[in-house]
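Working notes, beginning with the structure itself.
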Protein chains: 2
Amino acid sequence: MEVPLLIIIALISGILAIILALVFAKNVMKEDPGNEKMQEVSGYIESGAKTFIAVQYKILILFVTGLSIVILFAYNPGEFSWAHMIAYLIGAAGSMWAGWLGMLVGVKANTRAAQACTVGIKKGFNVSFFGGCVMGLAVVGVALIGVSSIYWIAGTTNIVENPATVILGFSFGASSVALFAKCGGGIFTKTADVGADLVGKAEYDLPEDDPRNPASIADNVGDNVGDIAGMGSDLFDSYVASIVAAMLLTAMLSLTANETFAILPILLCSFGLFASIIGIYVIKIWKTDVPSKLLNGGTYIATVLFIGLAALCIGLFTLFLTDSVEINLAWRLWVCATVGILSGVVIGWTSDYFTREDKKPTRNIAKAAQEGHAVTILSGFSYGLLSVLPPAIGLVAAMAGAYWIAEDAFPGAGVLGVAIAAVGMLSIVATIVSNDAYGPICDNARGIAEQGDLGDEVIRTADKLDSAGNTAKAITKGFAIGAANLTVLALLFSLIADANERLFALGEPLIAGINLLNVGVLIGAFLGVVAPAIFSALLVLAVQRNAGKMVIEIRRQFEENPKILTGEEPADFNKCIDIATKGSIRELIFPSIISIFLPIVIGILFGIAALGAFLAGAILSGFVFAIFMSNSGGAWDNAKKWIEDGNLGGKGTETHKAAITGDTVGDPFKDTSGPSINTLLVVMSLTASLFIGLFLLGIFNFGAGLITFV
Amino acid sequence: MEVPLLIIIALISGILAIILALVFAKNVMKEDPGNEKMQEVSGYIESGAKTFIAVQYKILILFVTGLSIVILFAYNPGEFSWAHMIAYLIGAAGSMWAGWLGMLVGVKANTRAAQACTVGIKKGFNVSFFGGCVMGLAVVGVALIGVSSIYWIAGTTNIVENPATVILGFSFGASSVALFAKCGGGIFTKTADVGADLVGKAEYDLPEDDPRNPASIADNVGDNVGDIAGMGSDLFDSYVASIVAAMLLTAMLSLTANETFAILPILLCSFGLFASIIGIYVIKIWKTDVPSKLLNGGTYIATVLFIGLAALCIGLFTLFLTDSVEINLAWRLWVCATVGILSGVVIGWTSDYFTREDKKPTRNIAKAAQEGHAVTILSGFSYGLLSVLPPAIGLVAAMAGAYWIAEDAFPGAGVLGVAIAAVGMLSIVATIVSNDAYGPICDNARGIAEQGDLGDEVIRTADKLDSAGNTAKAITKGFAIGAANLTVLALLFSLIADANERLFALGEPLIAGINLLNVGVLIGAFLGVVAPAIFSALLVLAVQRNAGKMVIEIRRQFEENPKILTGEEPADFNKCIDIATKGSIRELIFPSIISIFLPIVIGILFGIAALGAFLAGAILSGFVFAIFMSNSGGAWDNAKKWIEDGNLGGKGTETHKAAITGDTVGDPFKDTSGPSINTLLVVMSLTASLFIGLFLLGIFNFGAGLITFV
């Protein structure tokens, strides 16, 4: 059997990624951690991050254990789905390990990056970037090892009919972690940030990141929690979900080489990893010291390399094919993957345009700040909504293009084309996560440089690194949102296909489509469109509520101990970290319930077609809210920065105050709700896929469904 | 033939409404217009309103003439659709006349209401309310006369196969006017309001409605333009569209008494008018002087009366039926109409809860204002989004209930049940519009009382009247949004039914459904979900841009003529009215193009199923945005008012300033974008229905469509 050879490539590339991650981690640790003061601050951040992780993982273990038992009984009601349950536990554990490693290295890298800035900007960049690469490579490594080994073992032991379904469990494990890491992390980071700003900046006129602010360490911890662990686990789950969706859709086709095709998504991801690794090395040897060039350049290099290496991958792959139609299909799928990754870049560009300080939208928002707080909000709100149109067209074009290309080669393969486009978009996820994890390291490094008295020159260097991270973030966020959307669309197609397979086996009539003229389906779509709006609102309210508690604590510390403000005594940082940690976990409960129970309830009540409509509605409106919130937030942030650079009067003016209002509103938009919607969509889609047995059961229990329509 | 008898009832009730409107108008004119100063101010408002109407109607006539020619050629490509074109022109002219009459009486009633407040609160209420009733009754009168006479003439002359389609033209005429009146009026009113607040309140510390503010008259004009003409034309078009959708869906059923059933929606509306008229008289004789009791009491009385009168209506109707199944269906439809109107009340209640100053959401927003501008925004934003859930569930329940009840009686009648629920919800539209038009009359009266030096007691009386208007508005807005959504859903069903009829006649395969698993349909749905977001953003940006111009003009007047601020010389009000008028017309062009051309382009490119998905997507996301924006805006407004009543420190504090920011952000949300979405949805749905011939042609020109999918 030739299949194991291809799987072995994937497995080895996954192991390679983990080895590289560990090597990078070790290299980072070898760097000079700077002076005592710097190490002290970094130590606070590290212990805060560890506290958060410890509390979060404790709850996560309870949550995951509980859900794993549900999976055991519910995946195929009537029998025990041990394989799915174990895969689920492995997925959760793997994602937790990757998040833990990435965070740990991140909080070690910050003070080392600050110290490296004393040598020069390139050195500072390298420490931050390779610190970030640990998370990027760990994510891809765990994912590839997990997916390929589970598929291999499940395939050879024949425990289940379709081994790809076991990977659904693995994917859902990663998703469960992402729900906590991304949403919880998002609430944590903005609780600290908003709380610190509201008292520190507004009431006591302290500068950003001032160490006297009791919430300053929590703010730094939050950056790591949200942008390293959170973003990493979010992309982890999209990545695995895109692979599993493509594998499941392959299984639905009647190709002669079905088994070989099922491995193609994993193989493409391996080659994507190679592209990312080469890109990382190019960054290492590239003789430029403009950090944004290095970051975005790395993304573009990885993109181009992926397109080339993917061709190589298909060339290798076709050696295992004999049928000329299938060889043609394989090459068509290469085009789909290319369409996917290119549309990811285009979506990233439009986010970049709408949030860059030298472009019209952000400039107009800054100008609006001259007319006060309200006009700043109205302006950012409107541009955020307008920014939805270009990526929507980009995504629609990618979807239609990929469908068309694949369907034309082999009838029924159109949806596989869409899934492969998602795989293509996520193939260079190692680069994307690395760029993201770079951000908080530089951000923390800047603060540490200031507190370690490394001088203005070094702080300016760290500032440049930090600002490049923000620019890169616009592009990576666009990627993440686009990819999550294509992935969940592919999962939707595979959900219906799986349902039909089960219905066929039971001799029941198949689902002909998700017909919006059916009132039950329309109800599903309606609730789906509403869900992301409610989810966003809950997260924003959570941040607002928690930040309120943080405000009270900061004020209390300043009032009870005046020596904190004079700098004679350190503030009680742990108290603030504690508030952010407990608050984020508590506020997570209700949104988590929504994302897991809502699909199940709708499925049981209205059946699978309505559930499909629910997911479709959520995907579409989720896209609107995710892009709108991320871009509004980014544009407000950069408008404020542009004013702080001395434009329109600069710092301290009324214009600046209005811009700060915009930025504060944008904080939970861009770092909590916006990016959490991706996770919501993936969790809901995987819930539907994994608990499908319940809905089939539900339908048959209630005859033709509790409520039936045309 | 027994049909004319029923039509004659409708026609007579329409004429009765017009006569009553004219009587009320005359009665209002007989009232004492107050002292010279009051008449002067009222004169400014009147002349401003007339200027706006004149400019707007000039553009409207060009627009309507152009579109009427398109309809002539496009409704049935290959032949001239004279009937549809003429009906379109009549619809537009009728809506323009009703809007003109309502506005004219409104601007005459304001000073008279102020003077009446010197007599007592009940007298002040009566003048305002009966002034508002002119618009309410004129809308219903024109609609009923138009619909019944067109249906009668088209039916007896047999110019077209299905006379109900001619009413589509009439409905689209009303919609075209609504697009200008509601969106243009919304931009006008908020341009003036925001501009006046930004300079007057924030920079010169002038109180609200201060006559020294050059934009104060424009602000008063704007209230009339937006809430009388705008809201009236908006409900006019929903009202007629709900009738025509139900008529078209009746034509699709194979009942023995099809022709009789087609008249049922018109008949129900006549009885709804009777309910409204009785409700209005109860208000007249009701011995209470609590204005909110009178307004909401009137709505509840009309609701209960409608349910009773509708039973009478069905009883009468069944006299013309012989088939027992059809008699059963008629009674089932009575239940549907009841479900519709009750769900309208429920949706209104939830809006009321989320925006009332004595309820938790608004209180929490007010408390959030203590933490500054940004937290105020975050809080209002979140509650606005959360407020979408209860009405969504209400609407879904109404839709499912109405479908179920009708479908169970006669297979295929389920969608007619949904349409009749929309008719039921809109049946008491005379009451709804009257309550709405009452608002600006009191609001203006309050300002005039202040400027006419009528004393504190009178101002307080006028204030009470005004605040009752605001409370009533929450309920009427909920009604308007719910009804528009049910109506466009019914139009969607009738669109597909009509398409299939045309396809059947051509011997082409029918549309089996709007299947979201078809990628073309998915693209349609995607663009549909995005459309309301873009439309809202464009309107908010329009307000922001125009308000900026207004700010410059107000500052210029204050700087060039210091005597304005001392009150020695009047400001140049006309200049501000001019800016608001021209700006609102100019900014309207792009959103209008979107709402009319987008459905046509999508229909031509992707075919009718994708167009249906586009409309469905727009309906669902439009509902979310309309409710969210209206309720966020309402809650911010009331949170500010609660603080101004002396809570949390009252006026002049930092908390108050933050609350003002919320209110200013909420202004274009609740009075421009939010309510304009209804109009957008109706216009897009009617465009699709009316230009359906183009899409059939398009599909056949490109074989099976330009792009085909599964």
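Identifiers for the structure tokens are assigned positionally: chains receive A, B, ... in sequence, residues are indexed from 1 per chain, and ligands are indexed from 1 in the order shown.
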Residues at most 12 Å from Phe274 in chain B, counting only C-alpha atoms, excluding those fewer than 3 positions away in the same chain, as a PDB file with N, CA and C atoms, in the first residue's frame?
ATOM      1  N   ILE B   9     -66.674  47.861   0.045  1.00  0.00           N
ATOM      2  CA  ILE B   9     -66.467  48.126   1.481  1.00  0.00           C
ATOM      3  C   ILE B   9     -65.086  48.747   1.688  1.00  0.00           C
ATOM      4  N   ALA B  10     -64.094  48.146   1.044  1.00  0.00           N
ATOM      5  CA  ALA B  10     -62.724  48.636   1.203  1.00  0.00           C
ATOM      6  C   ALA B  10     -62.595  50.059   0.661  1.00  0.00           C
ATOM      7  N   ILE B  12     -64.923  52.314   0.238  1.00  0.00           N
ATOM      8  CA  ILE B  12     -65.639  53.283   1.075  1.00  0.00           C
ATOM      9  C   ILE B  12     -64.857  53.571   2.348  1.00  0.00           C
ATOM     10  N   SER B  13     -64.259  52.514   2.946  1.00  0.00           N
ATOM     11  CA  SER B  13     -63.520  52.761   4.178  1.00  0.00           C
ATOM     12  C   SER B  13     -62.307  53.644   3.893  1.00  0.00           C
ATOM     13  N   GLY B  14     -61.714  53.467   2.705  1.00  0.00           N
ATOM     14  CA  GLY B  14     -60.589  54.326   2.327  1.00  0.00           C
ATOM     15  C   GLY B  14     -61.030  55.777   2.202  1.00  0.00           C
ATOM     16  N   LEU B  16     -63.604  57.115   3.612  1.00  0.00           N
ATOM     17  CA  LEU B  16     -63.912  57.563   4.970  1.00  0.00           C
ATOM     18  C   LEU B  16     -62.643  58.060   5.678  1.00  0.00           C
ATOM     19  N   ALA B  17     -61.555  57.308   5.499  1.00  0.00           N
ATOM     20  CA  ALA B  17     -60.289  57.691   6.151  1.00  0.00           C
ATOM     21  C   ALA B  17     -59.824  59.051   5.657  1.00  0.00           C
ATOM     22  N   LEU B  20     -62.027  61.781   7.107  1.00  0.00           N
ATOM     23  CA  LEU B  20     -61.672  62.011   8.500  1.00  0.00           C
ATOM     24  C   LEU B  20     -60.355  62.786   8.611  1.00  0.00           C
ATOM     25  N   LEU B 137     -54.337  58.608   8.997  1.00  0.00           N
ATOM     26  CA  LEU B 137     -55.533  58.307   8.213  1.00  0.00           C
ATOM     27  C   LEU B 137     -55.300  58.528   6.719  1.00  0.00           C
ATOM     28  N   VAL B 140     -53.537  55.412   5.255  1.00  0.00           N
ATOM     29  CA  VAL B 140     -54.426  54.264   5.093  1.00  0.00           C
ATOM     30  C   VAL B 140     -55.466  54.539   4.010  1.00  0.00           C
ATOM     31  N   GLY B 141     -55.966  55.766   4.001  1.00  0.00           N
ATOM     32  CA  GLY B 141     -56.962  56.112   3.003  1.00  0.00           C
ATOM     33  C   GLY B 141     -56.434  55.964   1.585  1.00  0.00           C
ATOM     34  N   LEU B 267     -59.876  43.499   2.727  1.00  0.00           N
ATOM     35  CA  LEU B 267     -61.007  43.576   3.637  1.00  0.00           C
ATOM     36  C   LEU B 267     -60.536  43.630   5.090  1.00  0.00           C
ATOM     37  N   LEU B 268     -59.549  42.790   5.406  1.00  0.00           N
ATOM     38  CA  LEU B 268     -59.005  42.793   6.767  1.00  0.00           C
ATOM     39  C   LEU B 268     -58.450  44.175   7.110  1.00  0.00           C
ATOM     40  N   CYS B 269     -57.812  44.792   6.127  1.00  0.00           N
ATOM     41  CA  CYS B 269     -57.254  46.119   6.371  1.00  0.00           C
ATOM     42  C   CYS B 269     -58.350  47.154   6.607  1.00  0.00           C
ATOM     43  N   SER B 270     -59.478  47.009   5.896  1.00  0.00           N
ATOM     44  CA  SER B 270     -60.595  47.928   6.143  1.00  0.00           C
ATOM     45  C   SER B 270     -61.062  47.802   7.576  1.00  0.00           C
ATOM     46  N   PHE B 271     -61.198  46.556   8.030  1.00  0.00           N
ATOM     47  CA  PHE B 271     -61.664  46.358   9.407  1.00  0.00           C
ATOM     48  C   PHE B 271     -60.610  46.821  10.403  1.00  0.00           C
ATOM     49  N   ILE B 277     -59.937  53.667  13.975  1.00  0.00           N
ATOM     50  CA  ILE B 277     -60.794  54.856  14.125  1.00  0.00           C
ATOM     51  C   ILE B 277     -61.518  54.818  15.468  1.00  0.00           C
ATOM     52  N   ILE B 278     -62.043  53.628  15.816  1.00  0.00           N
ATOM     53  CA  ILE B 278     -62.720  53.531  17.120  1.00  0.00           C
ATOM     54  C   ILE B 278     -61.709  53.829  18.233  1.00  0.00           C
ATOM     55  N   GLY B 279     -60.471  53.273  18.075  1.00  0.00           N
ATOM     56  CA  GLY B 279     -59.427  53.524  19.064  1.00  0.00           C
ATOM     57  C   GLY B 279     -59.171  55.022  19.226  1.00  0.00           C
ATOM     58  N   ILE B 280     -59.148  55.717  18.091  1.00  0.00           N
ATOM     59  CA  ILE B 280     -58.899  57.160  18.122  1.00  0.00           C
ATOM     60  C   ILE B 280     -60.016  57.883  18.875  1.00  0.00           C
ATOM     61  N   TYR B 281     -61.259  57.425  18.661  1.00  0.00           N
ATOM     62  CA  TYR B 281     -62.364  58.081  19.367  1.00  0.00           C
ATOM     63  C   TYR B 281     -62.365  57.776  20.860  1.00  0.00           C
ATOM     64  N   ILE B 301     -56.114  49.156  22.561  1.00  0.00           N
ATOM     65  CA  ILE B 301     -57.535  49.116  22.229  1.00  0.00           C
ATOM     66  C   ILE B 301     -57.725  48.741  20.760  1.00  0.00           C
ATOM     67  N   ALA B 302     -56.932  49.375  19.896  1.00  0.00           N
ATOM     68  CA  ALA B 302     -57.048  49.071  18.465  1.00  0.00           C
ATOM     69  C   ALA B 302     -56.709  47.605  18.207  1.00  0.00           C
ATOM     70  N   THR B 303     -55.720  47.106  18.937  1.00  0.00           N
ATOM     71  CA  THR B 303     -55.331  45.706  18.757  1.00  0.00           C
ATOM     72  C   THR B 303     -56.480  44.771  19.119  1.00  0.00           C
ATOM     73  N   VAL B 304     -57.028  44.979  20.301  1.00  0.00           N
ATOM     74  CA  VAL B 304     -58.121  44.110  20.748  1.00  0.00           C
ATOM     75  C   VAL B 304     -59.332  44.258  19.827  1.00  0.00           C
ATOM     76  N   LEU B 305     -59.642  45.505  19.483  1.00  0.00           N
ATOM     77  CA  LEU B 305     -60.765  45.734  18.577  1.00  0.00           C
ATOM     78  C   LEU B 305     -60.539  45.046  17.238  1.00  0.00           C
ATOM     79  N   PHE B 306     -59.290  45.123  16.760  1.00  0.00           N
ATOM     80  CA  PHE B 306     -59.032  44.491  15.462  1.00  0.00           C
ATOM     81  C   PHE B 306     -59.305  43.005  15.527  1.00  0.00           C
ATOM     82  N   ILE B 307     -58.861  42.365  16.600  1.00  0.00           N
ATOM     83  CA  ILE B 307     -59.070  40.923  16.705  1.00  0.00           C
ATOM     84  C   ILE B 307     -60.574  40.613  16.651  1.00  0.00           C
ATOM     85  N   GLY B 308     -61.352  41.420  17.356  1.00  0.00           N
ATOM     86  CA  GLY B 308     -62.801  41.223  17.327  1.00  0.00           C
ATOM     87  C   GLY B 308     -63.410  41.541  15.968  1.00  0.00           C
ATOM     88  N   LEU B 309     -63.034  42.699  15.436  1.00  0.00           N
ATOM     89  CA  LEU B 309     -63.611  43.109  14.145  1.00  0.00           C
ATOM     90  C   LEU B 309     -63.181  42.172  13.021  1.00  0.00           C
ATOM     91  N   ALA B 310     -61.959  41.653  13.128  1.00  0.00           N
ATOM     92  CA  ALA B 310     -61.488  40.730  12.092  1.00  0.00           C
ATOM     93  C   ALA B 310     -62.335  39.470  12.108  1.00  0.00           C
ATOM     94  N   LEU B 312     -65.481  39.414  12.883  1.00  0.00           N
ATOM     95  CA  LEU B 312     -66.679  39.869  12.187  1.00  0.00           C
ATOM     96  C   LEU B 312     -66.445  39.856  10.680  1.00  0.00           C
ATOM     97  N   CYS B 313     -65.287  40.351  10.294  1.00  0.00           N
ATOM     98  CA  CYS B 313     -64.898  40.411   8.879  1.00  0.00           C
ATOM     99  C   CYS B 313     -64.903  39.009   8.276  1.00  0.00           C
ATOM    100  N   SER B 427     -52.438  45.903  10.184  1.00  0.00           N
ATOM    101  CA  SER B 427     -53.837  46.310  10.007  1.00  0.00           C
ATOM    102  C   SER B 427     -54.146  47.616  10.739  1.00  0.00           C
ATOM    103  N   ILE B 428     -53.512  47.838  11.895  1.00  0.00           N
ATOM    104  CA  ILE B 428     -53.839  49.054  12.637  1.00  0.00           C
ATOM    105  C   ILE B 428     -52.795  50.137  12.359  1.00  0.00           C
ATOM    106  N   VAL B 429     -52.318  50.145  11.128  1.00  0.00           N
ATOM    107  CA  VAL B 429     -51.242  51.070  10.769  1.00  0.00           C
ATOM    108  C   VAL B 429     -51.676  52.535  10.965  1.00  0.00           C
ATOM    109  N   ALA B 430     -52.984  52.793  10.864  1.00  0.00           N
ATOM    110  CA  ALA B 430     -53.453  54.169  11.083  1.00  0.00           C
ATOM    111  C   ALA B 430     -53.074  54.616  12.490  1.00  0.00           C
ATOM    112  N   THR B 431     -53.248  53.723  13.473  1.00  0.00           N
ATOM    113  CA  THR B 431     -52.888  54.043  14.850  1.00  0.00           C
ATOM    114  C   THR B 431     -51.374  54.221  14.989  1.00  0.00           C
TER     115      THR B 431
END
Quick one: which residues from chain A are at most 6 Å off chain B, using only C-alpha atoms, as a PyMOL selection string?
chain A and resi 374+382+385-386+513-516+526+533-534+537+620+661+664-665
Give me, as a PDB file with N, CA and C atoms, in the first residue's frame, all polymer residues having an atom no more than 9 Å from Thr51 in chain A, counting only C-alpha atoms and skipping those fewer than 3 positions away in the same chain.
ATOM      1  N   GLU A  46       5.635  36.460  33.665  1.00  0.00           N
ATOM      2  CA  GLU A  46       5.678  35.002  33.558  1.00  0.00           C
ATOM      3  C   GLU A  46       4.797  34.347  34.619  1.00  0.00           C
ATOM      4  N   SER A  47       4.904  34.852  35.847  1.00  0.00           N
ATOM      5  CA  SER A  47       4.114  34.190  36.879  1.00  0.00           C
ATOM      6  C   SER A  47       2.629  34.457  36.672  1.00  0.00           C
ATOM      7  N   GLY A  48       2.300  35.651  36.172  1.00  0.00           N
ATOM      8  CA  GLY A  48       0.894  35.954  35.872  1.00  0.00           C
ATOM      9  C   GLY A  48       0.362  35.031  34.788  1.00  0.00           C
ATOM     10  N   ALA A  54      -2.802  27.987  34.578  1.00  0.00           N
ATOM     11  CA  ALA A  54      -3.123  26.949  35.554  1.00  0.00           C
ATOM     12  C   ALA A  54      -4.627  26.924  35.837  1.00  0.00           C
ATOM     13  N   VAL A  55      -5.195  28.106  36.102  1.00  0.00           N
ATOM     14  CA  VAL A  55      -6.632  28.172  36.397  1.00  0.00           C
ATOM     15  C   VAL A  55      -7.440  27.725  35.187  1.00  0.00           C
ATOM     16  N   GLN A  56      -7.041  28.254  34.018  1.00  0.00           N
ATOM     17  CA  GLN A  56      -7.813  27.950  32.818  1.00  0.00           C
ATOM     18  C   GLN A  56      -7.763  26.456  32.487  1.00  0.00           C
ATOM     19  N   ILE A 577      -4.296  40.485  38.237  1.00  0.00           N
ATOM     20  CA  ILE A 577      -4.253  39.277  37.405  1.00  0.00           C
ATOM     21  C   ILE A 577      -5.363  38.325  37.829  1.00  0.00           C
ATOM     22  N   ASP A 578      -5.573  38.263  39.135  1.00  0.00           N
ATOM     23  CA  ASP A 578      -6.601  37.400  39.681  1.00  0.00           C
ATOM     24  C   ASP A 578      -7.995  37.814  39.179  1.00  0.00           C
ATOM     25  N   THR A 581      -8.285  36.911  35.534  1.00  0.00           N
ATOM     26  CA  THR A 581      -8.363  35.465  35.337  1.00  0.00           C
ATOM     27  C   THR A 581      -9.749  34.937  35.700  1.00  0.00           C
TER      28      THR A 581
END
When DSSP is applied to the backbone of this structure, which of range 100-210 of chain A are assigned alpha helix (DSSP H)? Write them out as JSON, numbers by chain.
{"A": [100, 101, 102, 103, 104, 105, 106, 107, 108, 109, 110, 111, 112, 113, 114, 115, 116, 121, 122, 123, 124, 125, 126, 127, 128, 129, 130, 131, 132, 133, 134, 135, 136, 137, 138, 139, 140, 141, 142, 143, 144, 145, 146, 147, 148, 149, 150, 151, 152, 153, 154, 155, 156, 157, 163, 164, 165, 166, 167, 168, 169, 170, 171, 172, 173, 174, 175, 176, 177, 178, 185, 186, 187, 188, 189, 190, 191, 192, 193, 194, 195, 196, 202, 203, 204]}
Identify, on the basis of only C-alpha atoms, every residue whose closest approach to Ala580 in chain B does not exceed 12 Å; exclude the query and any residue fewer than 4 positions from it along the same chain; express the result as a VMD selection string.
chain B and resid 48 to 49 51 to 52 55 to 56 184 to 196 215 to 222 225 542 to 551 553 573 to 576 584 to 587
Suppose we keep C-alpha atoms; can you now write the selection as an mmCIF file, in the first residue's frame?
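Printed below is result_17.cif as written:
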data_model
loop_
_atom_site.group_PDB
_atom_site.id
_atom_site.type_symbol
_atom_site.label_atom_id
_atom_site.label_comp_id
_atom_site.auth_asym_id
_atom_site.auth_seq_id
_atom_site.Cartn_x
_atom_site.Cartn_y
_atom_site.Cartn_z
ATOM 1 C CA GLY B 48 -38.188 74.990 5.991
ATOM 2 C CA ALA B 49 -40.334 71.910 5.648
ATOM 3 C CA THR B 51 -38.427 73.979 1.022
ATOM 4 C CA PHE B 52 -37.303 70.444 1.743
ATOM 5 C CA VAL B 55 -36.551 70.075 -3.524
ATOM 6 C CA GLN B 56 -37.121 66.453 -2.660
ATOM 7 C CA GLY B 184 -33.446 61.277 2.852
ATOM 8 C CA GLY B 185 -35.561 62.462 5.767
ATOM 9 C CA GLY B 186 -33.443 60.438 8.166
ATOM 10 C CA ILE B 187 -30.236 62.003 6.855
ATOM 11 C CA PHE B 188 -31.824 65.472 6.974
ATOM 12 C CA THR B 189 -33.054 65.234 10.514
ATOM 13 C CA LYS B 190 -29.827 63.859 11.971
ATOM 14 C CA THR B 191 -27.612 66.229 10.001
ATOM 15 C CA ALA B 192 -29.417 69.076 11.712
ATOM 16 C CA ASP B 193 -29.652 67.417 15.116
ATOM 17 C CA VAL B 194 -26.043 66.225 15.347
ATOM 18 C CA GLY B 195 -24.690 69.450 13.851
ATOM 19 C CA ALA B 196 -26.721 71.579 16.262
ATOM 20 C CA ALA B 215 -29.507 74.749 13.084
ATOM 21 C CA SER B 216 -32.371 74.724 15.598
ATOM 22 C CA ILE B 217 -35.048 75.298 12.985
ATOM 23 C CA ALA B 218 -33.507 72.707 10.690
ATOM 24 C CA ASP B 219 -33.598 70.316 13.647
ATOM 25 C CA ASN B 220 -37.320 70.981 14.114
ATOM 26 C CA VAL B 221 -37.968 70.635 10.398
ATOM 27 C CA GLY B 222 -36.034 67.387 10.471
ATOM 28 C CA VAL B 225 -39.498 65.264 7.780
ATOM 29 C CA ALA B 542 -23.749 60.499 5.148
ATOM 30 C CA VAL B 543 -25.003 61.942 8.421
ATOM 31 C CA GLN B 544 -21.482 62.318 9.734
ATOM 32 C CA ARG B 545 -20.280 64.062 6.574
ATOM 33 C CA ASN B 546 -23.264 66.414 6.400
ATOM 34 C CA ALA B 547 -23.171 67.173 10.097
ATOM 35 C CA GLY B 548 -19.564 68.215 9.569
ATOM 36 C CA LYS B 549 -20.691 70.763 6.985
ATOM 37 C CA MET B 550 -23.409 71.946 9.342
ATOM 38 C CA VAL B 551 -20.841 72.410 12.099
ATOM 39 C CA GLU B 553 -21.756 76.749 8.928
ATOM 40 C CA PHE B 573 -31.847 79.416 9.584
ATOM 41 C CA ASN B 574 -32.358 78.977 5.860
ATOM 42 C CA LYS B 575 -28.688 78.395 5.213
ATOM 43 C CA CYS B 576 -28.739 75.435 7.615
ATOM 44 C CA SER B 584 -29.651 64.581 2.234
ATOM 45 C CA ILE B 585 -30.592 64.440 -1.429
ATOM 46 C CA ARG B 586 -26.994 64.075 -2.599
ATOM 47 C CA GLU B 587 -26.151 61.357 -0.094
#
Near range 600-603 of chain B, within 12 Å and counting only C-alpha atoms, which residues show up once chain neighbours fewer than 6 positions away are dropped, as a PyMOL selection string?
chain B and resi 74+495+499+520-521+523-528+593-594+609-615+683-699+705-707
Spatial neighbours of Thr288 in chain A, 8 Å, only C-alpha atoms, chain gap at least 5 places, as a CSV table (one decimal) with C-alpha atoms, in the first residue's frame:
chain,number,residue,atom,x,y,z
A,122,LYS,CA,17.7,43.2,13.6
A,293,LYS,CA,9.3,44.3,5.5
A,294,LEU,CA,10.6,41.2,7.2
Nearby residues (only C-alpha atoms) at most 10 Å from Gly439 in chain A, same-chain spacing under 6 positions excluded, as a PyMOL selection string:
chain A and resi 106+128-129+132+223-224+227-228+445+465-473
Quote the spacing between CA of Thr118 in chain B and CA of Val458 in chain B in Å to one decimal place.
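Between CA of Thr118 in chain B and CA of Val458 in chain B the gap is 5.7 Å.
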